[in-house]
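Q: Here you go, work00.json (JSON, C-alpha atoms):
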[["chain", "number", "residue", "atom", "x", "y", "z"],
["A", 111, "MET", "CA", -104.04, 31.47, 38.38],
["A", 112, "ALA", "CA", -101.96, 29.73, 41.03],
["A", 113, "ALA", "CA", -100.93, 33.12, 42.44],
["A", 114, "LYS", "CA", -104.56, 34.18, 42.68],
["A", 115, "GLU", "CA", -105.43, 30.94, 44.44],
["A", 116, "LYS", "CA", -102.54, 31.46, 46.85],
["A", 117, "LYS", "CA", -103.62, 35.05, 47.58],
["A", 118, "LYS", "CA", -107.16, 33.94, 48.34],
["A", 119, "ARG", "CA", -105.94, 31.44, 50.92],
["A", 120, "GLU", "CA", -103.63, 33.82, 52.72],
["A", 121, "PRO", "CA", -103.56, 32.60, 56.33],
["A", 122, "MET", "CA", -104.95, 34.75, 59.10],
["A", 123, "ALA", "CA", -102.38, 36.55, 61.23],
["A", 124, "PRO", "CA", -101.74, 34.92, 64.64],
["A", 125, "LEU", "CA", -104.24, 35.88, 67.31],
["A", 126, "ARG", "CA", -101.57, 37.18, 69.70],
["A", 127, "LEU", "CA", -100.65, 39.85, 67.15],
["A", 128, "TRP", "CA", -104.03, 41.47, 66.75],
["A", 129, "LEU", "CA", -106.33, 40.31, 69.55],
["A", 130, "PRO", "CA", -105.03, 42.75, 72.22],
["A", 131, "ALA", "CA", -105.31, 45.72, 69.83],
["A", 132, "VAL", "CA", -108.78, 44.77, 68.64],
["A", 133, "THR", "CA", -110.06, 44.05, 72.16],
["A", 134, "LEU", "CA", -108.65, 47.29, 73.53],
["A", 135, "GLY", "CA", -110.01, 49.06, 70.46],
["A", 136, "TRP", "CA", -113.49, 47.77, 71.27],
["A", 137, "LEU", "CA", -113.28, 48.64, 74.94],
["A", 138, "VAL", "CA", -111.81, 52.13, 74.44],
["A", 139, "PRO", "CA", -112.39, 53.63, 70.99],
["A", 140, "GLY", "CA", -108.96, 54.36, 69.49],
["A", 141, "GLY", "CA", -107.31, 52.23, 72.19],
["A", 142, "GLY", "CA", -106.00, 49.73, 69.65],
["A", 143, "HIS", "CA", -104.25, 52.55, 67.82],
["A", 144, "PHE", "CA", -102.73, 53.81, 71.07],
["A", 145, "LEU", "CA", -101.44, 50.30, 71.77],
["A", 146, "LEU", "CA", -99.92, 50.18, 68.30],
["A", 147, "LYS", "CA", -98.27, 53.59, 68.83],
["A", 148, "ARG", "CA", -100.57, 55.50, 66.47],
["A", 149, "SER", "CA", -101.49, 58.07, 69.07],
["A", 150, "ILE", "CA", -102.69, 60.88, 66.82],
["A", 151, "ARG", "CA", -105.00, 58.60, 64.89],
["A", 152, "GLY", "CA", -106.14, 57.01, 68.15],
["A", 153, "SER", "CA", -106.92, 60.44, 69.59],
["A", 154, "LEU", "CA", -108.95, 61.42, 66.54],
["A", 155, "LEU", "CA", -110.93, 58.18, 66.71],
["A", 156, "LEU", "CA", -111.54, 58.58, 70.44],
["A", 157, "PHE", "CA", -112.67, 62.18, 69.92],
["A", 158, "ALA", "CA", -115.04, 61.31, 67.07],
["A", 159, "VAL", "CA", -116.62, 58.22, 68.67],
["A", 160, "ALA", "CA", -116.87, 59.77, 72.15],
["A", 161, "SER", "CA", -118.40, 62.99, 70.79],
["A", 162, "MET", "CA", -120.92, 61.09, 68.72],
["A", 163, "PHE", "CA", -121.90, 58.88, 71.66],
["A", 164, "LEU", "CA", -122.17, 61.79, 74.11],
["A", 165, "LEU", "CA", -124.26, 63.82, 71.67],
["A", 166, "GLY", "CA", -126.50, 60.77, 71.23],
["A", 167, "ILE", "CA", -127.00, 60.61, 75.00],
["A", 168, "MET", "CA", -127.57, 64.39, 75.23],
["A", 169, "MET", "CA", -130.21, 64.10, 72.52],
["A", 170, "ARG", "CA", -131.82, 61.35, 74.63],
["A", 171, "GLY", "CA", -131.39, 58.66, 72.02],
["A", 172, "VAL", "CA", -132.76, 55.18, 72.64],
["A", 173, "MET", "CA", -130.51, 52.22, 73.51],
["A", 174, "PHE", "CA", -131.61, 49.06, 71.74],
["A", 175, "LEU", "CA", -132.23, 45.79, 73.53],
["A", 176, "PRO", "CA", -132.08, 42.53, 71.56],
["A", 177, "ARG", "CA", -135.65, 41.62, 70.69],
["A", 178, "THR", "CA", -136.99, 39.08, 68.28],
["A", 179, "GLY", "CA", -140.25, 38.92, 66.42],
["A", 180, "ASP", "CA", -140.82, 39.42, 62.72],
["A", 181, "LEU", "CA", -137.76, 39.81, 60.51],
["A", 182, "LEU", "CA", -137.71, 43.61, 60.55],
["A", 183, "THR", "CA", -138.06, 43.80, 64.34],
["A", 184, "THR", "CA", -135.25, 41.28, 64.77],
["A", 185, "VAL", "CA", -132.94, 43.07, 62.35],
["A", 186, "ILE", "CA", -133.58, 46.52, 63.82],
["A", 187, "HIS", "CA", -133.36, 45.57, 67.50],
["A", 188, "CYS", "CA", -130.56, 43.00, 67.33],
["A", 189, "GLY", "CA", -128.59, 45.12, 64.83],
["A", 190, "GLY", "CA", -129.13, 48.24, 66.92],
["A", 191, "PHE", "CA", -128.06, 46.40, 70.06],
["A", 192, "LEU", "CA", -124.84, 45.22, 68.37],
["A", 193, "GLY", "CA", -124.22, 48.78, 67.15],
["A", 194, "ASN", "CA", -124.67, 50.13, 70.68],
["A", 195, "LEU", "CA", -122.51, 47.38, 72.17],
["A", 196, "ALA", "CA", -119.68, 48.21, 69.76],
["A", 197, "SER", "CA", -119.13, 51.52, 71.56],
["A", 198, "GLY", "CA", -117.35, 49.56, 74.29],
["A", 199, "VAL", "CA", -116.82, 51.28, 77.61],
["A", 200, "PHE", "CA", -119.23, 54.10, 76.76],
["A", 201, "TYR", "CA", -122.07, 51.64, 76.32],
["A", 202, "LEU", "CA", -121.11, 49.64, 79.41],
["A", 203, "LEU", "CA", -120.88, 52.78, 81.56],
["A", 204, "THR", "CA", -124.16, 54.13, 80.28],
["A", 205, "VAL", "CA", -125.99, 50.89, 81.04],
["A", 206, "TRP", "CA", -124.26, 50.58, 84.40],
["A", 207, "LEU", "CA", -125.33, 54.13, 85.34],
["A", 208, "GLY", "CA", -128.91, 53.20, 84.51],
["A", 209, "TYR", "CA", -129.58, 55.25, 81.38],
["A", 210, "VAL", "CA", -133.04, 54.39, 80.14],
["A", 211, "GLN", "CA", -134.81, 56.42, 77.51],
["A", 212, "PRO", "CA", -138.25, 55.38, 76.33],
["A", 213, "ASP", "CA", -138.86, 55.62, 72.61],
["A", 214, "ALA", "CA", -140.47, 58.99, 72.01],
["A", 215, "ALA", "CA", -141.59, 60.96, 69.00],
["A", 216, "GLY", "CA", -139.41, 63.84, 67.83],
["A", 217, "HIS", "CA", -136.50, 64.40, 65.52],
["A", 218, "MET", "CA", -134.03, 64.97, 68.36],
["A", 219, "HIS", "CA", -134.65, 61.51, 69.84],
["A", 220, "ASP", "CA", -134.36, 59.96, 66.39],
["A", 221, "TYR", "CA", -131.05, 61.69, 65.73],
["A", 222, "GLY", "CA", -129.85, 60.66, 69.18],
["A", 223, "THR", "CA", -130.64, 57.01, 68.50],
["A", 224, "LYS", "CA", -128.80, 57.16, 65.18],
["A", 225, "PHE", "CA", -125.82, 58.90, 66.78],
["A", 226, "LEU", "CA", -125.59, 56.17, 69.44],
["A", 227, "VAL", "CA", -125.65, 53.34, 66.89],
["A", 228, "THR", "CA", -123.30, 55.13, 64.50],
["A", 229, "ALA", "CA", -120.76, 55.73, 67.27],
["A", 230, "GLY", "CA", -120.56, 51.95, 67.65],
["A", 231, "LEU", "CA", -120.34, 51.37, 63.90],
["A", 232, "LEU", "CA", -117.53, 53.92, 63.61],
["A", 233, "ASN", "CA", -115.74, 52.06, 66.38],
["A", 234, "VAL", "CA", -116.08, 48.86, 64.35],
["A", 235, "LEU", "CA", -114.27, 50.64, 61.49],
["A", 236, "ALA", "CA", -111.56, 51.68, 63.96],
["A", 237, "MET", "CA", -111.26, 48.07, 65.20],
["A", 238, "VAL", "CA", -110.87, 46.77, 61.64],
["A", 239, "ASP", "CA", -108.17, 49.39, 61.05],
["A", 240, "ALA", "CA", -106.39, 48.34, 64.26],
["A", 241, "TYR", "CA", -106.59, 44.71, 63.12],
["A", 242, "GLU", "CA", -105.05, 45.53, 59.75],
["A", 243, "ILE", "CA", -102.23, 47.51, 61.34],
["A", 244, "ALA", "CA", -101.52, 44.82, 63.94],
["A", 245, "ALA", "CA", -101.60, 42.06, 61.32],
["A", 246, "GLY", "CA", -99.15, 43.98, 59.14],
["A", 247, "LYS", "CA", -101.60, 44.48, 56.29],
["A", 248, "LYS", "CA", -101.49, 48.26, 56.61],
["A", 249, "ASP", "CA", -99.14, 50.89, 57.98],
["B", 18, "MET", "CA", -126.35, 65.00, 81.33],
["B", 19, "PRO", "CA", -127.73, 68.20, 79.74],
["B", 20, "LEU", "CA", -130.29, 67.94, 77.00],
["B", 21, "VAL", "CA", -129.22, 69.42, 73.68],
["B", 22, "SER", "CA", -131.61, 70.53, 71.04],
["B", 23, "LEU", "CA", -130.27, 70.92, 67.53],
["B", 24, "SER", "CA", -131.93, 71.59, 64.23],
["B", 25, "HIS", "CA", -131.96, 68.90, 61.53],
["B", 26, "PHE", "CA", -129.19, 70.75, 59.73],
["B", 27, "GLU", "CA", -126.92, 71.09, 62.77],
["B", 28, "ALA", "CA", -127.39, 67.46, 63.79],
["B", 29, "ALA", "CA", -126.71, 66.20, 60.27],
["B", 30, "LEU", "CA", -123.62, 68.40, 59.95],
["B", 31, "LEU", "CA", -122.23, 67.08, 63.24],
["B", 32, "PHE", "CA", -122.98, 63.54, 62.07],
["B", 33, "ALA", "CA", -121.10, 64.28, 58.84],
["B", 34, "LEU", "CA", -118.15, 65.79, 60.73],
["B", 35, "PHE", "CA", -117.55, 62.87, 63.09],
["B", 36, "THR", "CA", -118.15, 60.25, 60.41],
["B", 37, "SER", "CA", -115.74, 62.02, 58.06],
["B", 38, "ILE", "CA", -113.05, 62.14, 60.74],
["B", 39, "VAL", "CA", -113.24, 58.37, 61.26],
["B", 40, "MET", "CA", -113.44, 57.61, 57.54],
["B", 41, "GLY", "CA", -110.45, 59.84, 56.92],
["B", 42, "VAL", "CA", -108.42, 58.19, 59.68],
["B", 43, "VAL", "CA", -109.13, 54.59, 58.62],
["B", 44, "GLY", "CA", -109.52, 55.10, 54.90],
["B", 45, "LYS", "CA", -106.10, 55.84, 53.44],
["B", 46, "ASN", "CA", -102.42, 55.15, 53.94],
["B", 47, "THR", "CA", -100.64, 58.50, 54.28],
["B", 48, "ASP", "CA", -101.51, 61.51, 56.43],
["B", 49, "ARG", "CA", -101.94, 63.74, 53.40],
["B", 50, "GLU", "CA", -104.31, 61.26, 51.75],
["B", 51, "ARG", "CA", -106.23, 60.85, 55.00],
["B", 52, "LEU", "CA", -106.74, 64.59, 55.35],
["B", 53, "ARG", "CA", -107.86, 64.95, 51.75],
["B", 54, "TYR", "CA", -110.20, 61.97, 52.02],
["B", 55, "GLY", "CA", -111.72, 63.22, 55.28],
["B", 56, "VAL", "CA", -112.34, 66.68, 53.85],
["B", 57, "ARG", "CA", -113.77, 65.19, 50.67],
["B", 58, "CYS", "CA", -116.12, 62.94, 52.65],
["B", 59, "PHE", "CA", -117.34, 65.91, 54.67],
["B", 60, "ALA", "CA", -117.86, 68.00, 51.53],
["B", 61, "TRP", "CA", -119.90, 65.20, 49.92],
["B", 62, "PHE", "CA", -121.97, 64.74, 53.08],
["B", 63, "ALA", "CA", -122.68, 68.48, 53.17],
["B", 64, "PHE", "CA", -123.51, 68.57, 49.48],
["B", 65, "ALA", "CA", -125.86, 65.57, 49.77],
["B", 66, "LEU", "CA", -127.48, 67.13, 52.84],
["B", 67, "LEU", "CA", -128.22, 70.38, 51.03],
["B", 68, "ALA", "CA", -129.25, 68.70, 47.76],
["B", 69, "ILE", "CA", -131.60, 66.19, 49.38],
["B", 70, "GLY", "CA", -132.95, 68.93, 51.65],
["B", 71, "TRP", "CA", -133.85, 71.05, 48.62],
["B", 72, "VAL", "CA", -135.38, 68.05, 46.81],
["B", 73, "MET", "CA", -137.63, 67.42, 49.81],
["B", 74, "ARG", "CA", -138.49, 71.11, 50.12],
["B", 75, "LEU", "CA", -139.42, 71.37, 46.46],
["B", 76, "GLY", "CA", -141.22, 68.01, 46.58],
["B", 77, "HIS", "CA", -143.43, 69.22, 49.40],
["B", 78, "GLY", "CA", -144.24, 72.41, 47.49]]
The structure given in the file should be rewritten as structure tokens.

A:
Amino acid sequence: MAAKEKKKREPMAPLRLWLPAVTLGWLVPGGGHFLLKRSIRGSLLLFAVASMFLLGIMMRGVMFLPRTGDLLTTVIHCGGFLGNLASGVFYLLTVWLGYVQPDAAGHMHDYGTKFLVTAGLLNVLAMVDAYEIAAGKKD
Amino acid sequence: MPLVSLSHFEAALLFALFTSIVMGVVGKNTDRERLRYGVRCFAWFAFALLAIGWVMRLGHG
């Protein structure tokens, strides 16, 4: 019982251990793994996230902007925006270069939008992995 | 940036491929386990894609 209690309250690893890896991992997908000398895994993550994002752009997917309204609108637009933002430098570059795609009917646009959000969500998984490696919770 | 046009099947397979790569990389602890997990994820994605596709096809008549 006491051991369980102790395990639950395991302190968080110091910020200086994981913050650079997680921040770099957000900015450049796989970057956290490169920083932690996991180059092959970092390359695979960069390849997967970059390919997904680029395909999303080539399918003319829509970038979400945070918008509030009823619950569903808020969840879809704010969640979609966070998903897009999680792609790091790809998102920032795309916005900086002025990519604007109006919402249009068609399965290709829909797939593109999903690819763009999923690229960000996959990068979140990569960031969590980088955090666990940096904090010593995982090899 | 060129415009690509893929079928539902091609787009979903590409989605499955990239997602499986990331899940394989972050999911397990050894390289062998990662490879197996990634391949298994992709196989399940492909299976679900075909199965749900057929369900919809048969459902529509």

Q: What residues in chain B have any atom no more than 7 Å from chain A when counting only C-alpha atoms, and can you write them as a compact mmCIF listing (two decimals) with C-alpha atoms, keeping the file's coordinate frame?

A:
# COMPACT_ATOMS: atom_id res chain seq x y z
CA MET B 18 -126.35 65.00 81.33
CA PRO B 19 -127.73 68.20 79.74
CA LEU B 20 -130.29 67.94 77.00
CA VAL B 21 -129.22 69.42 73.68
CA SER B 22 -131.61 70.53 71.04
CA PHE B 35 -117.55 62.87 63.09
CA ILE B 38 -113.05 62.14 60.74
CA VAL B 39 -113.24 58.37 61.26
CA VAL B 42 -108.42 58.19 59.68
CA VAL B 43 -109.13 54.59 58.62
CA ASN B 46 -102.42 55.15 53.94

Q: Quick one: residues within 12 Å of Gly55 of chain B, only C-alpha atoms counted, chain neighbours fewer than 4 positions away excluded, as a list in words?

A: Leu154 of chain A; Ala33, Leu34, Phe35, Thr36, Ser37, Ile38, Val39, Met40, Gly41, Val42, Val43, Gly44, Lys45, Asp48, Arg49, Glu50, Arg51, Phe59, Ala60, Trp61 and Phe62 of chain B

Q: What gap, in Å, lies between atom CA of His143 of chain A and atom CA of Leu125 of chain A?

A: 16.7 Å

Q: To one decimal in Å, tell me the separation between atom CA of Met173 of chain A and atom CA of Val132 of chain A.

A: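 So the answer is 23.5 Å.
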
Q: Hey, could you pull the box centre and edge lengths for segment 24-27 of chain B, axis-aligned, 3 Å padding per side, all listed atoms, to one decimal in Å, as JSON?

A:
{"center_x": -129.4, "center_y": 70.2, "center_z": 62.0, "size_x": 11.0, "size_y": 8.7, "size_z": 10.5}

Q: Determine the nearest neighbour of Leu31 of chain B from the options B:Tyr54, B:Gly76, B:Thr47, B:Ala63, counting all atoms listed in the file.

A: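 For Leu31 of chain B, the nearest of the given residues is B:Ala63.
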
Q: Calculate how many Å separate atom CA of Ile186 of chain A from atom CA of Thr223 of chain A, rounding to one decimal.

A: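 About the pair atom CA of Ile186 of chain A and atom CA of Thr223 of chain A: they are 11.9 Å apart.
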
Q: Using all atoms listed in the file, can you tell me which of A:Gly190, A:Gly198, A:Pro212, A:Pro130 comes closest to Phe144 of chain A?

A: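 Of all the options, A:Pro130 lies closest to Phe144 of chain A.
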
Q: Within 10 Å of Leu175 of chain A, counting only C-alpha atoms, which residues qualify if same-chain residues fewer than 6 places away don't, as an MDAnalysis selection string?

A: chainID A and resid 186:192 194:195
